[in-house]
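One structure is given below, encoded as structure tokens.
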2 protein chains.
Amino acid sequence: MNKPEVQTCYSPALYDLYHDPEAIVVIVDVLRATSAICTAIHHGVKMMVPVAGIEEAKAYKSRGFLVACERDAIKQDGFDFGNSPLSFITPEIQGKTIAISTTNGTQAIEAAKKAATIVIGSFLNLSALSNWLIHQNKKVVILCAGWKNRYNMEDTLFAGALSKNLIESGAFYTHCDASISAAHLYQLGGNDLFGFLENSSHRKRLQNLHLEDDIRFCLQLDYTAVIPVFKGEGLIDMQPEVHGISWGRNN
Amino acid sequence: MNKPEVQTCYSPALYDLYHDPEAIVVIVDVLRATSAICTAIHHGVKMMVPVAGIEEAKAYKSRGFLVACERDAIKQDGFDFGNSPLSFITPEIQGKTIAISTTNGTQAIEAAKKAATIVIGSFLNLSALSNWLIHQNKKVVILCAGWKNRYNMEDTLFAGALSKNLIESGAFYTHCDASISAAHLYQLGGNDLFGFLENSSHRKRLQNLHLEDDIRFCLQLDYTAVIPVFKGEGLIDMQPEVHGISWGRNN
């Protein structure tokens, strides 16, 4: 069999078990880091620099960068953004580099840094990402950020949607129980993601913080065609020429 | 809310995130360690002593114990049993203490050793275990052995069946996405576990070794009412008086 495999890893703490230096790693943190990154880049951010710790985020702030910093679903004091994707729909960010540190998403990126290629996935760029992966002929590992290294449902639903697209294209196979289970779950819940997540742990967490608009936004399919890819020190749009984005010269 | 929670942990490597000194931990390795332990105790084994390493298994052997030792689904040379539950349906084991070392199951028990109470779950004792847990009024953590710390489908299906029983009894709640997802999966596949596992990684592994009879045996519901519990240095039947088992005096 010459097809590559798609696998899913449910926790950054398990990433080493799935690591393959040749694979493309798709980082997913649907609520909300990777949705926010896709949105920000779609709206003209030149580069998102993921930083793991709050101290590192402060250092970027003191050097004059815009900085997004969220912990436990709450925007941290002294920073410009949290991880609400809606907050990145603003002309202020056009052409800018923004550092971002979040509870789970940026930790997942950190865990996968030794991978050859890291791309960012969310329901917002599902089709664009699926189509691109289908043409790479490389093994794919979907790394779910989860919640503090625990399994979560929304990232699994995305892993299921992506696994399903890749398998159904005929370009991939899987023997990975996590991908197969995730695809079953998406089959069950994909028609009404918002309703299906009703009882999930993180949706409850965000509900309590009155972030329903954020949740609905993050569960949209194909809001954008950008594919954020890790290059150098940050995440940039893989094909800016395709999306007709023009950046300012500085920062 | 005064009900206890049921949670599911998909990998022994993540157990520390779920550890609660007050909780009852249910170890599950459906194919085949925990099914084998339930079967052996049902057929009169007095105690199963889980040992993590092969060297330790050899030490028990040299001390005259019966020893079960499996790695990568294969019975290891020089031992009395692998982890086929069918091999424990024999009068030879009556009243004996058997040491057992397996690829995943005994490692999971090792990971959870600091828990207050460790019990063994499999489809073979699902109802008996569910009923007992419902009356304990204690938090339950279902620890899936998985495959070499990776998620697997058959243990998740069992976690789903047990979570569903506990929640539907009204005695438990859950905010655990892993338990909720597992229950969804069991809802999908519970009516035909054998068919549903058709594409799973471990079923393929066992199929290649012609172990279909073992798989069908392990996927039976309620073959036994024994609940193996960790006491002292091994697993014994929690309520031998209920099951009318009489043991020999020695070993």
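To be explicit about the labels: the chains of the structure tokens are called A, B, and onward in the order shown, and within each one the residues are counted from 1, while ligands get numbers from 1 in the order they are shown.
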- Task: Find the spatial neighbours of Pro4 of chain B, counting only C-alpha atoms, within a cut-off of 8 Å - ignore same-chain residues fewer than 3 positions away - and output them as a PyMOL selection string.
- Result: chain B and resi 137-140+171-173
Please find the residues of chain A near chain B - the criterion being any atom within 9 Å, counting only C-alpha atoms - and write them as a CSV table (one decimal) with C-alpha atoms, in the first residue's frame.
chain,number,residue,atom,x,y,z
A,9,CYS,CA,-3.2,12.0,18.8
A,10,TYR,CA,-5.7,13.1,21.6
A,11,SER,CA,-3.2,14.9,23.9
A,13,ALA,CA,1.3,14.7,26.3
A,14,LEU,CA,1.1,11.6,24.0
A,17,LEU,CA,4.2,8.2,20.6
A,18,TYR,CA,3.0,9.5,17.2
A,148,LYS,CA,-4.6,20.7,29.9
A,149,ASN,CA,-3.5,17.4,28.2
A,150,ARG,CA,-6.9,15.8,28.7
A,151,TYR,CA,-9.0,14.6,25.8
A,152,ASN,CA,-11.7,17.0,24.6
A,153,MET,CA,-14.6,16.6,22.3
A,175,HIS,CA,-5.3,1.9,11.1
A,176,CYS,CA,-5.5,4.5,13.8
A,177,ASP,CA,-8.3,3.8,16.3
A,178,ALA,CA,-8.3,7.4,17.4
A,180,ILE,CA,-11.6,6.0,13.2
A,181,SER,CA,-13.4,6.8,16.5
A,184,HIS,CA,-17.6,8.0,13.9
A,185,LEU,CA,-18.1,10.8,16.4
A,188,LEU,CA,-22.9,11.4,14.7
A,199,ASN,CA,-22.7,18.8,27.2
A,200,SER,CA,-19.1,19.0,26.5
A,201,SER,CA,-16.8,20.2,29.3
A,202,HIS,CA,-15.3,23.2,27.4
A,204,LYS,CA,-19.9,24.6,29.5
How would chain B read as a short mmCIF file (atom, residue, chain, number, x, y, z; two decimals) with C-alpha atoms, in the first residue's frame after a least-squares superposition onto chain A over every Cα atom, matched in order?
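Wrote out.cif, looks like this:
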data_model
loop_
_atom_site.label_atom_id
_atom_site.label_comp_id
_atom_site.auth_asym_id
_atom_site.auth_seq_id
_atom_site.Cartn_x
_atom_site.Cartn_y
_atom_site.Cartn_z
CA MET B 1 -0.06 0.06 -0.09
CA ASN B 2 1.53 3.33 -1.10
CA LYS B 3 -0.99 5.68 0.46
CA PRO B 4 0.10 7.61 3.53
CA GLU B 5 -1.71 7.15 6.85
CA VAL B 6 -3.70 9.70 8.82
CA GLN B 7 -3.42 9.34 12.59
CA THR B 8 -4.89 11.29 15.49
CA CYS B 9 -3.23 12.04 18.83
CA TYR B 10 -5.67 13.09 21.56
CA SER B 11 -3.22 14.86 23.88
CA PRO B 12 0.01 16.84 23.51
CA ALA B 13 1.34 14.65 26.35
CA LEU B 14 1.10 11.62 24.02
CA TYR B 15 2.65 13.30 20.97
CA ASP B 16 5.99 11.48 21.23
CA LEU B 17 4.17 8.18 20.59
CA TYR B 18 2.97 9.52 17.24
CA HIS B 19 6.01 11.54 16.22
CA ASP B 20 7.34 10.82 12.75
CA PRO B 21 9.94 13.24 11.38
CA GLU B 22 8.44 12.91 7.88
CA ALA B 23 4.84 13.63 8.89
CA ILE B 24 2.79 16.80 8.55
CA VAL B 25 1.35 17.68 11.97
CA VAL B 26 -2.01 19.45 12.08
CA ILE B 27 -2.50 21.32 15.35
CA VAL B 28 -6.12 21.74 16.42
CA ASP B 29 -7.59 23.71 19.32
CA VAL B 30 -11.07 24.51 18.03
CA LEU B 31 -12.19 26.48 21.10
CA ARG B 32 -10.40 28.78 20.46
CA ALA B 33 -6.68 29.11 19.69
CA THR B 34 -6.45 27.59 16.23
CA SER B 35 -9.75 29.19 15.19
CA ALA B 36 -8.34 32.53 16.34
CA ILE B 37 -5.09 32.00 14.41
CA CYS B 38 -6.98 31.19 11.18
CA THR B 39 -9.21 34.23 11.66
CA ALA B 40 -6.34 36.60 12.42
CA ILE B 41 -4.34 35.49 9.39
CA HIS B 42 -7.44 35.65 7.21
CA HIS B 43 -7.88 39.27 8.32
CA GLY B 44 -4.36 40.26 7.39
CA VAL B 45 -2.02 39.38 10.24
CA LYS B 46 1.36 38.72 8.69
CA MET B 47 2.67 36.33 11.34
CA MET B 48 1.40 34.79 14.60
CA VAL B 49 4.26 33.81 16.91
CA PRO B 50 3.17 31.11 19.36
CA VAL B 51 4.86 31.46 22.75
CA ALA B 52 4.35 28.93 25.51
CA GLY B 53 4.79 30.99 28.68
CA ILE B 54 3.31 34.23 29.98
CA GLU B 55 6.80 35.61 30.69
CA GLU B 56 7.71 35.16 27.06
CA ALA B 57 4.45 36.86 26.07
CA LYS B 58 5.36 39.83 28.30
CA ALA B 59 8.78 40.03 26.67
CA TYR B 60 7.15 40.39 23.24
CA LYS B 61 4.81 43.03 24.65
CA SER B 62 7.71 45.06 26.04
CA ARG B 63 9.38 44.90 22.61
CA GLY B 64 6.33 46.63 21.13
CA PHE B 65 4.52 43.71 19.58
CA LEU B 66 0.81 43.16 19.76
CA VAL B 67 0.30 40.18 22.09
CA ALA B 68 -2.60 37.78 22.62
CA CYS B 69 -2.59 35.96 25.95
CA GLU B 70 -5.28 33.70 27.36
CA ARG B 71 -5.35 31.37 30.36
CA ASP B 72 -8.35 29.27 31.44
CA ALA B 73 -10.49 30.92 28.74
CA ILE B 74 -9.81 34.44 30.04
CA LYS B 75 -7.82 37.25 28.39
CA GLN B 76 -4.92 38.11 30.66
CA ASP B 77 -4.45 41.68 31.91
CA GLY B 78 -1.94 43.84 30.13
CA PHE B 79 -2.26 42.16 26.74
CA ASP B 80 -3.98 43.27 23.53
CA PHE B 81 -6.05 40.18 22.83
CA GLY B 82 -7.25 36.97 24.45
CA ASN B 83 -8.04 34.09 22.10
CA SER B 84 -11.47 35.17 20.91
CA PRO B 85 -11.41 34.90 17.11
CA LEU B 86 -13.91 37.76 16.90
CA SER B 87 -11.39 40.14 18.46
CA PHE B 88 -9.11 39.61 15.45
CA ILE B 89 -11.68 40.95 13.00
CA THR B 90 -10.26 44.46 13.06
CA PRO B 91 -8.16 46.58 10.66
CA GLU B 92 -5.72 47.25 13.51
CA ILE B 93 -3.97 43.91 12.85
CA GLN B 94 -3.32 44.37 9.13
CA GLY B 95 0.27 43.40 8.26
CA LYS B 96 1.24 42.98 11.92
CA THR B 97 3.14 40.25 13.75
CA ILE B 98 1.25 39.12 16.86
CA ALA B 99 2.63 36.89 19.63
CA ILE B 100 0.06 34.46 21.06
CA SER B 101 0.09 32.36 24.21
CA THR B 102 -2.89 30.19 25.18
CA THR B 103 -3.76 27.47 27.72
CA ASN B 104 -3.63 24.56 25.30
CA GLY B 105 -3.08 25.53 21.67
CA THR B 106 0.38 26.99 21.91
CA GLN B 107 1.49 24.15 24.21
CA ALA B 108 0.45 21.71 21.50
CA ILE B 109 2.52 23.59 18.93
CA GLU B 110 5.45 23.46 21.37
CA ALA B 111 5.05 19.66 21.73
CA ALA B 112 5.17 19.19 17.96
CA LYS B 113 8.03 21.60 17.19
CA LYS B 114 10.34 18.81 16.04
CA ALA B 115 7.90 17.88 13.27
CA ALA B 116 8.98 18.66 9.70
CA THR B 117 5.81 20.62 8.92
CA ILE B 118 3.28 22.13 11.33
CA VAL B 119 -0.01 23.52 10.03
CA ILE B 120 -3.01 24.93 11.85
CA GLY B 121 -6.47 23.37 11.55
CA SER B 122 -9.94 24.47 12.60
CA PHE B 123 -13.43 24.10 11.22
CA LEU B 124 -12.89 27.56 9.73
CA ASN B 125 -10.34 26.24 7.20
CA LEU B 126 -11.39 22.57 7.02
CA SER B 127 -11.89 22.25 3.25
CA ALA B 128 -8.83 24.28 2.27
CA LEU B 129 -6.66 22.26 4.64
CA SER B 130 -8.16 18.93 3.53
CA ASN B 131 -7.55 19.71 -0.12
CA TRP B 132 -3.99 20.79 0.48
CA LEU B 133 -3.18 17.67 2.57
CA ILE B 134 -4.69 15.40 -0.08
CA HIS B 135 -2.06 16.63 -2.53
CA GLN B 136 1.00 16.27 -0.28
CA ASN B 137 1.29 12.46 -0.26
CA LYS B 138 2.71 12.58 3.27
CA LYS B 139 1.65 10.99 6.53
CA VAL B 140 -0.58 13.27 8.61
CA VAL B 141 -0.76 13.39 12.40
CA ILE B 142 -3.68 15.41 13.78
CA LEU B 143 -2.65 16.68 17.21
CA CYS B 144 -5.59 17.67 19.41
CA ALA B 145 -4.66 20.30 21.97
CA GLY B 146 -7.33 19.04 24.37
CA TRP B 147 -7.71 20.69 27.77
CA LYS B 148 -4.57 20.67 29.88
CA ASN B 149 -3.50 17.43 28.22
CA ARG B 150 -6.89 15.78 28.68
CA TYR B 151 -8.99 14.58 25.78
CA ASN B 152 -11.68 16.96 24.61
CA MET B 153 -14.66 16.58 22.33
CA GLU B 154 -14.48 19.60 20.03
CA ASP B 155 -10.93 18.89 18.87
CA THR B 156 -11.87 15.25 18.34
CA LEU B 157 -14.84 16.27 16.19
CA PHE B 158 -12.50 18.30 14.01
CA ALA B 159 -10.04 15.37 13.84
CA GLY B 160 -12.97 13.21 12.74
CA ALA B 161 -14.03 15.65 10.04
CA LEU B 162 -10.50 15.92 8.67
CA SER B 163 -9.80 12.15 8.90
CA LYS B 164 -13.07 11.49 7.07
CA ASN B 165 -12.19 13.95 4.29
CA LEU B 166 -8.73 12.44 3.84
CA ILE B 167 -9.92 8.82 3.84
CA GLU B 168 -12.88 9.49 1.56
CA SER B 169 -10.60 11.26 -0.93
CA GLY B 170 -8.97 7.88 -1.51
CA ALA B 171 -5.53 9.39 -0.94
CA PHE B 172 -5.12 8.17 2.67
CA TYR B 173 -5.68 5.07 4.77
CA THR B 174 -5.84 4.70 8.54
CA HIS B 175 -5.34 1.93 11.06
CA CYS B 176 -5.46 4.48 13.85
CA ASP B 177 -8.29 3.79 16.31
CA ALA B 178 -8.30 7.44 17.38
CA SER B 179 -8.93 8.63 13.80
CA ILE B 180 -11.59 5.95 13.23
CA SER B 181 -13.40 6.80 16.50
CA ALA B 182 -13.18 10.52 15.79
CA ALA B 183 -14.72 9.98 12.34
CA HIS B 184 -17.58 8.00 13.94
CA LEU B 185 -18.13 10.85 16.39
CA TYR B 186 -18.19 13.41 13.57
CA GLN B 187 -20.65 11.21 11.69
CA LEU B 188 -22.91 11.41 14.76
CA GLY B 189 -22.48 15.08 15.59
CA GLY B 190 -21.32 16.81 12.41
CA ASN B 191 -24.75 17.98 11.31
CA ASP B 192 -25.24 20.00 14.48
CA LEU B 193 -21.89 20.63 16.12
CA PHE B 194 -23.29 23.29 18.43
CA GLY B 195 -26.02 20.98 19.73
CA PHE B 196 -23.73 17.97 19.92
CA LEU B 197 -21.26 19.87 22.08
CA GLU B 198 -24.06 20.95 24.43
CA ASN B 199 -22.74 18.76 27.24
CA SER B 200 -19.06 18.99 26.53
CA SER B 201 -16.78 20.24 29.27
CA HIS B 202 -15.27 23.22 27.44
CA ARG B 203 -18.51 24.44 25.95
CA LYS B 204 -19.89 24.61 29.52
CA ARG B 205 -16.77 26.49 30.57
CA LEU B 206 -17.25 29.07 27.80
CA GLN B 207 -21.01 29.23 28.31
CA ASN B 208 -20.40 30.29 31.89
CA LEU B 209 -18.24 33.11 30.54
CA HIS B 210 -20.96 34.15 28.03
CA LEU B 211 -18.89 33.24 25.00
CA GLU B 212 -21.67 31.66 22.94
CA ASP B 213 -20.91 33.94 19.97
CA ASP B 214 -17.31 32.75 19.97
CA ILE B 215 -18.43 29.12 20.01
CA ARG B 216 -20.84 29.58 17.10
CA PHE B 217 -18.13 31.39 15.14
CA CYS B 218 -15.56 28.62 15.73
CA LEU B 219 -17.97 25.90 14.61
CA GLN B 220 -18.51 27.42 11.14
CA LEU B 221 -17.16 25.42 8.22
CA ASP B 222 -14.88 27.07 5.66
CA TYR B 223 -14.90 30.69 6.76
CA THR B 224 -11.47 31.01 5.17
CA ALA B 225 -9.04 29.33 2.78
CA VAL B 226 -5.89 30.29 4.68
CA ILE B 227 -3.61 27.52 5.90
CA PRO B 228 -1.32 28.82 8.64
CA VAL B 229 2.04 27.04 8.47
CA PHE B 230 4.99 27.26 10.84
CA LYS B 231 7.95 28.94 9.11
CA GLY B 232 10.93 30.43 10.90
CA GLU B 233 9.64 31.73 14.20
CA GLY B 234 5.93 31.87 13.52
CA LEU B 235 2.78 30.96 11.65
CA ILE B 236 2.18 32.56 8.28
CA ASP B 237 -0.31 32.00 5.49
CA MET B 238 1.02 29.22 3.29
CA GLN B 239 -0.19 30.79 0.05
CA PRO B 240 -0.60 34.54 0.52
CA GLU B 241 -0.47 35.09 -3.24
CA VAL B 242 -3.55 32.87 -3.61
CA HIS B 243 -5.49 34.85 -1.04
CA GLY B 244 -4.42 38.22 -2.39
CA ILE B 245 -3.25 39.51 0.96
CA SER B 246 -0.86 42.45 0.88
CA TRP B 247 1.20 43.28 3.92
CA GLY B 248 2.78 46.44 5.16
CA ARG B 249 6.57 46.56 5.01
CA ASN B 250 7.39 46.64 8.68
CA ASN B 251 6.62 44.35 11.57
#
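Across segment 56-97 of chain B, DSSP run on the backbone finds strand (DSSP E or B) at B:Leu66, B:Val67, B:Ala68, B:Cys69, B:Glu70, B:Arg71, B:Ile74, B:Lys75, B:Phe81, B:Thr97.
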- Message: Based on the backbone DSSP call, show me all residues of segment 56-226 of chain A assigned helix (DSSP H, G or I), as a PyMOL selection string.
- Response: chain A and resi 56-62+85-88+91-93+105-111+123-134+153-168+177-199+201-208+212-218
